[in-house]
file entry24.txt (compact mmCIF, C-alpha atoms)
# COMPACT_ATOMS: atom_id res chain seq x y z
CA MET A 1 151.51 -21.35 90.92
CA HIS A 2 153.18 -18.00 90.30
CA ARG A 3 152.70 -18.36 86.55
CA PHE A 4 148.97 -18.02 87.11
CA ALA A 5 149.41 -15.11 89.50
CA ASN A 6 149.92 -12.75 86.56
CA PRO A 7 146.49 -11.10 86.04
CA ASN A 8 146.74 -11.11 82.24
CA ARG A 9 147.69 -14.77 82.08
CA PHE A 10 145.03 -15.59 84.66
CA MET A 11 142.37 -13.80 82.61
CA ARG A 12 143.38 -15.65 79.43
CA LEU A 13 143.05 -18.97 81.27
CA ALA A 14 139.77 -17.89 82.89
CA GLY A 15 138.45 -16.72 79.51
CA ALA A 16 139.09 -20.19 78.12
CA VAL A 17 137.31 -21.83 81.08
CA LEU A 18 134.24 -19.54 81.08
CA PRO A 19 132.34 -20.91 78.01
CA TRP A 20 132.75 -24.46 79.38
CA SER A 21 131.70 -23.62 82.94
CA ALA A 22 128.74 -21.57 81.66
CA GLY A 23 127.59 -24.35 79.31
CA LEU A 24 128.04 -26.92 82.07
CA THR A 25 125.95 -24.79 84.46
CA GLY A 26 123.03 -24.80 81.99
CA LEU A 27 123.23 -28.52 81.24
CA LEU A 28 123.59 -29.55 84.89
CA LEU A 29 120.75 -27.27 85.98
CA VAL A 30 118.36 -28.76 83.40
CA ALA A 31 119.39 -32.31 84.37
CA GLY A 32 119.31 -31.51 88.09
CA LEU A 33 115.84 -29.92 87.97
CA TYR A 34 114.51 -32.82 85.91
CA LEU A 35 115.87 -35.32 88.45
CA SER A 36 114.56 -33.20 91.35
CA PHE A 37 111.00 -32.95 90.09
CA PHE A 38 110.37 -35.99 87.92
CA VAL A 39 112.75 -38.78 88.98
CA SER A 40 113.14 -38.28 92.72
CA PRO A 41 110.29 -39.84 94.71
CA ALA A 42 108.53 -37.96 97.50
CA ASP A 43 110.02 -38.72 100.91
CA TYR A 44 108.12 -41.21 103.07
CA GLN A 45 108.21 -38.81 106.03
CA GLN A 46 108.49 -35.36 104.48
CA GLY A 47 106.43 -35.89 101.35
CA GLU A 48 107.00 -33.48 98.47
CA THR A 49 108.87 -30.98 100.65
CA VAL A 50 111.98 -33.14 100.20
CA ARG A 51 112.36 -31.46 96.78
CA MET A 52 113.50 -28.33 98.59
CA MET A 53 116.54 -30.31 99.71
CA TYR A 54 117.87 -30.20 96.13
CA ILE A 55 118.38 -26.44 96.34
CA HIS A 56 118.72 -26.02 100.11
CA VAL A 57 121.59 -28.44 100.70
CA PRO A 58 123.67 -27.46 97.61
CA SER A 59 123.21 -23.76 98.56
CA ALA A 60 124.48 -24.46 102.06
CA TRP A 61 127.45 -26.48 100.71
CA MET A 62 128.28 -23.61 98.36
CA GLY A 63 128.11 -21.16 101.26
CA LEU A 64 130.90 -23.17 102.93
CA LEU A 65 132.89 -23.91 99.75
CA VAL A 66 132.91 -20.27 98.60
CA TYR A 67 134.02 -19.21 102.08
CA GLY A 68 136.91 -21.69 101.84
CA VAL A 69 137.92 -20.23 98.45
CA MET A 70 137.62 -16.69 99.84
CA ALA A 71 139.72 -17.53 102.91
CA ALA A 72 142.41 -19.28 100.81
CA ALA A 73 142.57 -16.27 98.46
CA SER A 74 142.76 -13.92 101.46
CA ALA A 75 145.61 -15.98 102.95
CA THR A 76 147.64 -15.77 99.71
CA ALA A 77 146.95 -12.02 99.57
CA LEU A 78 148.17 -11.50 103.14
CA ILE A 79 151.21 -13.80 102.89
CA TRP A 80 152.47 -13.08 99.34
CA LYS A 81 150.88 -9.65 99.03
CA HIS A 82 149.58 -10.57 95.62
CA PRO A 83 146.68 -8.36 94.48
CA LEU A 84 145.02 -11.26 92.63
CA GLY A 85 144.28 -12.87 96.02
CA ASP A 86 142.34 -9.79 97.14
CA ILE A 87 140.55 -9.61 93.79
CA ILE A 88 139.44 -13.25 94.01
CA ALA A 89 138.28 -12.83 97.63
CA LYS A 90 136.39 -9.61 96.80
CA SER A 91 134.75 -11.26 93.77
CA ALA A 92 133.78 -14.42 95.67
CA ALA A 93 132.18 -12.74 98.71
CA PRO A 94 128.87 -11.64 97.09
CA ILE A 95 128.45 -15.08 95.50
CA GLY A 96 128.95 -16.78 98.86
CA ALA A 97 126.58 -14.31 100.51
CA CYS A 98 123.90 -15.13 97.92
CA PHE A 99 124.25 -18.90 98.42
CA THR A 100 124.19 -18.57 102.22
CA PHE A 101 121.13 -16.32 101.98
CA LEU A 102 119.43 -18.95 99.79
CA ALA A 103 120.32 -21.72 102.25
CA LEU A 104 118.71 -19.67 105.05
CA VAL A 105 115.58 -18.72 103.07
CA THR A 106 114.93 -22.15 101.54
CA GLY A 107 115.62 -23.67 104.97
CA SER A 108 113.02 -21.36 106.47
CA LEU A 109 110.50 -22.34 103.79
CA TRP A 110 111.26 -25.98 104.54
CA GLY A 111 111.23 -25.50 108.32
CA LYS A 112 107.75 -23.99 108.46
CA PRO A 113 105.86 -27.09 107.19
CA MET A 114 108.23 -29.64 108.78
CA TRP A 115 109.14 -28.09 112.15
CA GLY A 116 106.24 -25.68 112.45
CA ALA A 117 108.55 -22.66 112.66
CA TRP A 118 110.19 -20.33 110.13
CA TRP A 119 113.22 -19.95 112.38
CA VAL A 120 114.66 -21.51 115.54
CA TRP A 121 117.86 -20.47 117.34
CA ASP A 122 119.37 -23.86 116.67
CA ALA A 123 123.16 -24.33 116.46
CA ARG A 124 123.17 -25.12 112.72
CA LEU A 125 120.88 -22.23 111.80
CA THR A 126 122.68 -19.75 114.05
CA SER A 127 126.14 -20.69 112.73
CA MET A 128 124.85 -20.33 109.14
CA LEU A 129 123.47 -16.89 110.02
CA ILE A 130 126.92 -15.96 111.37
CA LEU A 131 128.43 -17.14 108.06
CA PHE A 132 126.05 -14.80 106.24
CA PHE A 133 127.12 -11.88 108.48
CA LEU A 134 130.79 -12.73 107.88
CA TYR A 135 130.18 -12.38 104.14
CA LEU A 136 128.37 -9.07 104.67
CA GLY A 137 131.20 -7.86 106.93
CA HIS A 138 133.75 -8.82 104.28
CA ILE A 139 131.86 -6.89 101.59
CA ALA A 140 131.42 -3.87 103.89
CA LEU A 141 135.11 -3.76 104.92
CA ASN A 142 136.19 -3.93 101.28
CA HIS A 143 134.24 -0.74 100.64
CA ALA A 144 134.86 0.99 103.98
CA PHE A 145 138.24 2.58 103.16
CA ASP A 146 139.18 5.23 100.62
CA ASP A 147 142.36 3.23 100.02
CA PRO A 148 141.20 -0.11 98.47
CA VAL A 149 144.41 -1.83 99.62
CA ARG A 150 143.62 -1.13 103.28
CA GLY A 151 140.02 -2.26 102.80
CA ALA A 152 141.15 -5.52 101.19
CA ARG A 153 143.59 -6.10 104.05
CA ALA A 154 140.95 -5.66 106.74
CA ALA A 155 138.55 -7.89 104.81
CA ALA A 156 141.24 -10.57 104.43
CA VAL A 157 141.87 -10.63 108.19
CA LEU A 158 138.12 -10.99 108.83
CA ALA A 159 137.91 -13.83 106.27
CA LEU A 160 140.70 -15.73 108.05
CA VAL A 161 139.28 -15.21 111.54
CA GLY A 162 135.89 -16.40 110.27
CA VAL A 163 137.32 -19.74 109.13
CA VAL A 164 136.76 -20.99 112.69
CA ASN A 165 133.03 -20.92 111.88
CA LEU A 166 133.32 -23.55 109.12
CA PRO A 167 133.93 -26.62 111.35
CA ILE A 168 131.35 -25.23 113.78
CA ILE A 169 128.75 -25.29 111.00
CA LYS A 170 129.77 -28.75 109.77
CA PHE A 171 129.75 -30.38 113.21
CA SER A 172 127.01 -28.27 114.83
CA VAL A 173 124.52 -31.07 114.24
CA ASP A 174 126.79 -33.53 116.11
CA TRP A 175 128.06 -31.28 118.91
CA TRP A 176 124.71 -29.86 119.92
CA ASN A 177 121.31 -31.40 120.21
CA THR A 178 119.64 -29.60 117.33
CA LEU A 179 116.38 -29.64 115.46
CA HIS A 180 118.29 -29.70 112.18
CA GLN A 181 118.78 -33.20 110.86
CA PRO A 182 122.33 -34.64 110.93
CA SER A 183 124.51 -35.14 107.83
CA SER A 184 123.28 -37.82 105.50
CA VAL A 185 125.77 -37.42 102.63
CA LEU A 186 129.22 -36.42 103.95
CA ARG A 187 129.57 -39.18 106.55
CA LEU A 188 132.44 -41.49 107.40
CA ASP A 189 130.28 -44.57 106.80
CA GLY A 190 129.03 -43.42 103.42
CA PRO A 191 125.85 -41.62 102.38
CA ALA A 192 122.68 -42.64 104.21
CA ILE A 193 120.42 -41.54 101.41
CA HIS A 194 118.79 -43.45 98.58
CA PRO A 195 120.46 -43.13 95.13
CA SER A 196 117.22 -41.72 93.66
CA MET A 197 117.59 -38.77 96.03
CA LEU A 198 121.39 -38.64 96.06
CA ALA A 199 121.58 -38.22 92.25
CA PRO A 200 119.58 -34.95 92.01
CA LEU A 201 121.42 -33.62 95.06
CA ILE A 202 124.85 -34.25 93.53
CA VAL A 203 123.85 -32.94 90.08
CA MET A 204 122.41 -29.75 91.58
CA ALA A 205 125.53 -29.30 93.73
CA LEU A 206 127.70 -29.63 90.59
CA ALA A 207 125.45 -27.16 88.75
CA PHE A 208 125.85 -24.63 91.59
CA THR A 209 129.63 -25.20 91.56
CA ALA A 210 129.78 -24.55 87.79
CA TYR A 211 127.64 -21.43 88.34
CA PHE A 212 130.06 -20.24 91.04
CA VAL A 213 133.08 -20.73 88.75
CA SER A 214 131.36 -18.85 85.90
CA VAL A 215 130.17 -15.89 87.96
CA LEU A 216 133.51 -15.73 89.81
CA ILE A 217 135.35 -15.39 86.49
CA ILE A 218 132.93 -12.67 85.33
CA ARG A 219 133.31 -10.75 88.61
CA ILE A 220 137.13 -11.06 88.58
CA ARG A 221 137.12 -9.63 85.05
CA GLY A 222 134.98 -6.73 86.32
CA GLU A 223 137.36 -6.15 89.25
CA LEU A 224 140.45 -6.17 86.99
CA LEU A 225 138.76 -3.67 84.64
CA ASP A 226 137.91 -1.52 87.65
CA ARG A 227 141.57 -1.43 88.73
CA ARG A 228 142.72 -0.54 85.23
CA LEU A 229 140.09 2.21 85.17
CA ARG A 230 141.31 3.61 88.50
CA VAL A 231 144.96 3.61 87.35
CA MET A 232 144.01 5.39 84.11
CA GLN A 233 141.94 7.99 85.95
CA ALA A 234 144.78 8.61 88.42
CA ASN A 235 147.24 9.03 85.54
CA ARG A 236 144.90 11.49 83.82
CA ALA A 237 144.51 13.49 87.00
CA ARG A 238 148.29 13.64 87.37
CA GLN A 239 148.69 14.83 83.78
CA TRP A 240 146.28 17.68 84.36
CA GLN A 241 147.82 18.77 87.63
CA PRO A 242 151.52 17.92 87.45
CA GLU A 243 152.35 19.73 90.70
CA ALA A 244 149.77 17.64 92.60
CA ALA A 245 151.74 14.49 91.78
CA LEU A 246 154.77 15.87 93.61
CA MET B 1 99.43 -31.39 85.80
CA THR B 2 97.48 -29.62 88.58
CA GLU B 3 98.59 -32.40 90.88
CA PHE B 4 102.21 -31.68 89.97
CA PHE B 5 101.83 -27.95 90.75
CA ALA B 6 100.00 -28.70 93.99
CA MET B 7 103.12 -30.52 95.28
CA GLY B 8 101.11 -32.63 97.71
CA GLY B 9 99.73 -29.50 99.41
CA TYR B 10 103.17 -27.93 99.91
CA ALA B 11 103.08 -25.72 96.80
CA ALA B 12 103.13 -22.56 98.97
CA PHE B 13 106.57 -23.55 100.29
CA ILE B 14 108.20 -25.42 97.43
CA TRP B 15 107.57 -22.99 94.55
CA PRO B 16 108.68 -19.86 96.45
CA ALA B 17 111.88 -21.70 97.46
CA PHE B 18 112.70 -22.50 93.83
CA GLY B 19 111.51 -19.05 92.69
CA ILE B 20 113.71 -17.13 95.13
CA THR B 21 116.69 -19.29 94.20
CA ALA B 22 116.14 -18.52 90.50
CA ILE B 23 115.70 -14.77 91.16
CA VAL B 24 118.84 -14.50 93.32
CA LEU B 25 121.07 -16.54 91.00
CA ILE B 26 119.89 -14.82 87.80
CA GLY B 27 120.05 -11.42 89.51
CA LEU B 28 123.65 -11.92 90.67
CA LEU B 29 124.66 -13.08 87.18
CA THR B 30 122.99 -10.03 85.58
CA ILE B 31 124.61 -7.58 88.02
CA SER B 32 128.03 -9.18 87.48
CA LEU B 33 127.71 -9.05 83.67
CA ARG B 34 126.52 -5.44 83.79
CA GLY B 35 129.49 -4.50 85.97
CA VAL B 36 131.85 -5.79 83.28
CA ARG B 37 129.98 -4.01 80.48
CA ILE B 38 129.80 -0.63 82.27
CA ARG B 39 133.53 -0.68 83.06
CA GLU B 40 134.44 -1.74 79.53
CA ALA B 41 132.43 1.19 78.16
CA ARG B 42 134.00 3.64 80.62
CA LEU B 43 137.49 2.35 79.79
CA ALA B 44 136.83 2.69 76.06
CA ALA B 45 135.54 6.23 76.56
CA LEU B 46 138.63 7.16 78.59
CA LYS B 47 140.94 5.72 75.93
CA SER B 48 139.21 7.54 73.08
CA GLU B 49 139.58 10.84 74.94
CA GLY B 50 142.71 12.78 74.17
CA PRO B 51 145.25 13.54 76.93
CA ASN B 52 143.55 16.91 77.56
CA GLY B 53 140.06 15.51 77.76
CA GLU B 54 138.98 16.36 74.20
CA THR B 55 137.15 13.66 72.26
call {"tool": "encode", "arguments": {"input": "entry24.txt", "output": "structure tokens"}}
result
Amino acid sequence: MHRFANPNRFMRLAGAVLPWSAGLTGLLLVAGLYLSFFVSPADYQQGETVRMMYIHVPSAWMGLLVYGVMAAASATALIWKHPLGDIIAKSAAPIGACFTFLALVTGSLWGKPMWGAWWVWDARLTSMLILFFLYLGHIALNHAFDDPVRGARAAAVLALVGVVNLPIIKFSVDWWNTLHQPSSVLRLDGPAIHPSMLAPLIVMALAFTAYFVSVLIIRIRGELLDRRLRVMQANRARQWQPEAAL
Amino acid sequence: MTEFFAMGGYAAFIWPAFGITAIVLIGLLTISLRGVRIREARLAALKSEGPNGET
């Protein structure tokens, strides 16, 4: 593991992965959209609105997955004090926030015709909204301190505390009597969904995952460049004012 | 064709959902790429400057 903790080595590896993950994102998106619109039948109860499931459910899954990645990176940053952990967490947070936002918005657009309401204070919806605020809090804390190390530390603690929300989201539909429909894919007794609808769902979820990997790599590269920039600027400032460095 | 775009009467919900998803995902990708490019340019400018700030 520590071999990959070197930022330069990590970036070389990530640079090799990026063209593949980017190409895969494009291919999977084309295939997933084709399956969603032309292969998947309309649902017998929900009609054509079922097509929103193919972006709504993968977005929600990504909201949880990205949070898991962010929390794991934060844990390694807090325990081993490795800056790469903070960089990964900081780079992942906006991506997770975007996916969670999309899950909420597409859910709202799906809820209006099916439930008759844009929003209800249901356990699943509320816990997803909390997830969105956790992402926003993480982003805000990362920028709230003049010293980026302190900001990253506070954000990492928030990320770990927020992990408690993940099982609440997953099981909210079982623990509380909610309007949101229960799980139909990740169940102990296997998926309760027809293959013609499961296929576009899985392909779109893989496309979103490949997108996440690609954008994460791009953002980590940006973060590493930012750190190098800051170090260079600090060195320049010290050269100009040698007594200030003492 | 018109039938496809009508989405069984749910066009007003389905197309905005897909549209917003496309805008957010493409927007985030663009912002992330631009962040890399701006920093690369700034780093190159800083390197080309001499130690006393002359170019």
call {"tool": "interface_residues", "arguments": {"input": "entry24.txt", "of": "chain B", "to": "chain A", "cutoff": "8 Å", "atoms": "only C-alpha atoms", "output": "PDB file with C-alpha atoms, in the coordinates of the input"}}
result
ATOM      1  CA  MET B   7     103.120 -30.520  95.280  1.00  0.00           C
ATOM      2  CA  GLY B   8     101.110 -32.630  97.710  1.00  0.00           C
ATOM      3  CA  TYR B  10     103.170 -27.930  99.910  1.00  0.00           C
ATOM      4  CA  PHE B  13     106.570 -23.550 100.290  1.00  0.00           C
ATOM      5  CA  ILE B  14     108.200 -25.420  97.430  1.00  0.00           C
ATOM      6  CA  PRO B  16     108.680 -19.860  96.450  1.00  0.00           C
ATOM      7  CA  ALA B  17     111.880 -21.700  97.460  1.00  0.00           C
ATOM      8  CA  PHE B  18     112.700 -22.500  93.830  1.00  0.00           C
ATOM      9  CA  ILE B  20     113.710 -17.130  95.130  1.00  0.00           C
ATOM     10  CA  THR B  21     116.690 -19.290  94.200  1.00  0.00           C
ATOM     11  CA  VAL B  24     118.840 -14.500  93.320  1.00  0.00           C
ATOM     12  CA  LEU B  25     121.070 -16.540  91.000  1.00  0.00           C
ATOM     13  CA  LEU B  28     123.650 -11.920  90.670  1.00  0.00           C
ATOM     14  CA  LEU B  29     124.660 -13.080  87.180  1.00  0.00           C
ATOM     15  CA  SER B  32     128.030  -9.180  87.480  1.00  0.00           C
ATOM     16  CA  LEU B  33     127.710  -9.050  83.670  1.00  0.00           C
ATOM     17  CA  GLY B  35     129.490  -4.500  85.970  1.00  0.00           C
ATOM     18  CA  VAL B  36     131.850  -5.790  83.280  1.00  0.00           C
ATOM     19  CA  ARG B  39     133.530  -0.680  83.060  1.00  0.00           C
ATOM     20  CA  GLU B  40     134.440  -1.740  79.530  1.00  0.00           C
ATOM     21  CA  ARG B  42     134.000   3.640  80.620  1.00  0.00           C
ATOM     22  CA  LEU B  43     137.490   2.350  79.790  1.00  0.00           C
ATOM     23  CA  LEU B  46     138.630   7.160  78.590  1.00  0.00           C
ATOM     24  CA  PRO B  51     145.250  13.540  76.930  1.00  0.00           C
ATOM     25  CA  ASN B  52     143.550  16.910  77.560  1.00  0.00           C
TER      26      ASN B  52
END
call {"tool": "residues_around", "arguments": {"input": "entry24.txt", "residues": "segment 159-168 of chain A", "least_positions_apart": "5", "cutoff": "7 Å", "atoms": "only C-alpha atoms", "output": "PyMOL selection string"}}
result
chain A and resi 64+71+74+127+134+138
call {"tool": "write_last_selection", "arguments": {"input": "entry24.txt", "atoms": "C-alpha atoms", "output": "PDB file, in the frame of the given file"}}
result
ATOM      1  CA  LEU A  64     130.900 -23.170 102.930  1.00  0.00           C
ATOM      2  CA  ALA A  71     139.720 -17.530 102.910  1.00  0.00           C
ATOM      3  CA  SER A  74     142.760 -13.920 101.460  1.00  0.00           C
ATOM      4  CA  SER A 127     126.140 -20.690 112.730  1.00  0.00           C
ATOM      5  CA  LEU A 134     130.790 -12.730 107.880  1.00  0.00           C
ATOM      6  CA  HIS A 138     133.750  -8.820 104.280  1.00  0.00           C
TER       7      HIS A 138
END
call {"tool": "atom_distance", "arguments": {"input": "entry24.txt", "atom1": "atom CA of Trp115 of chain A", "atom2": "atom CA of Leu179 of chain A"}}
result
8.1 Å
call {"tool": "axis_aligned_box", "arguments": {"input": "entry24.txt", "around": "segment 5-15 of chain B", "padding_each_side": "4 Å", "output": "AutoDock Vina command-line options"}}
result
--center_x 104.0 --center_y -27.6 --center_z 95.5 --size_x 16.5 --size_y 18.1 --size_z 17.5
call {"tool": "closest_residue", "arguments": {"input": "entry24.txt", "among": "A:Ala144, A:Ala210, A:Ala123, A:Leu158", "to": "Phe171 of chain A", "atoms": "all atoms listed in the file"}}
result
A:Ala123
call {"tool": "residues_around", "arguments": {"input": "entry24.txt", "residues": "Trp176 of chain A", "least_positions_apart": "2", "cutoff": "12 Å", "atoms": "only C-alpha atoms", "output": "PyMOL selection string"}}
result
chain A and resi 121-127+168-174+178-182
call {"tool": "atom_distance", "arguments": {"input": "entry24.txt", "atom1": "atom CA of Ile88 of chain A", "atom2": "atom CA of Leu206 of chain A"}}
result
20.4 Å
call {"tool": "atom_distance", "arguments": {"input": "entry24.txt", "atom1": "atom CA of Thr2 of chain B", "atom2": "atom CA of Ser40 of chain A"}}
result
18.4 Å
call {"tool": "residues_around", "arguments": {"input": "entry24.txt", "residues": "Leu27 of chain A", "least_positions_apart": "4", "cutoff": "8 Å", "atoms": "all atoms listed in the file", "output": "list in words"}}
result
Gly23, Ala31 and Ala207 of chain A
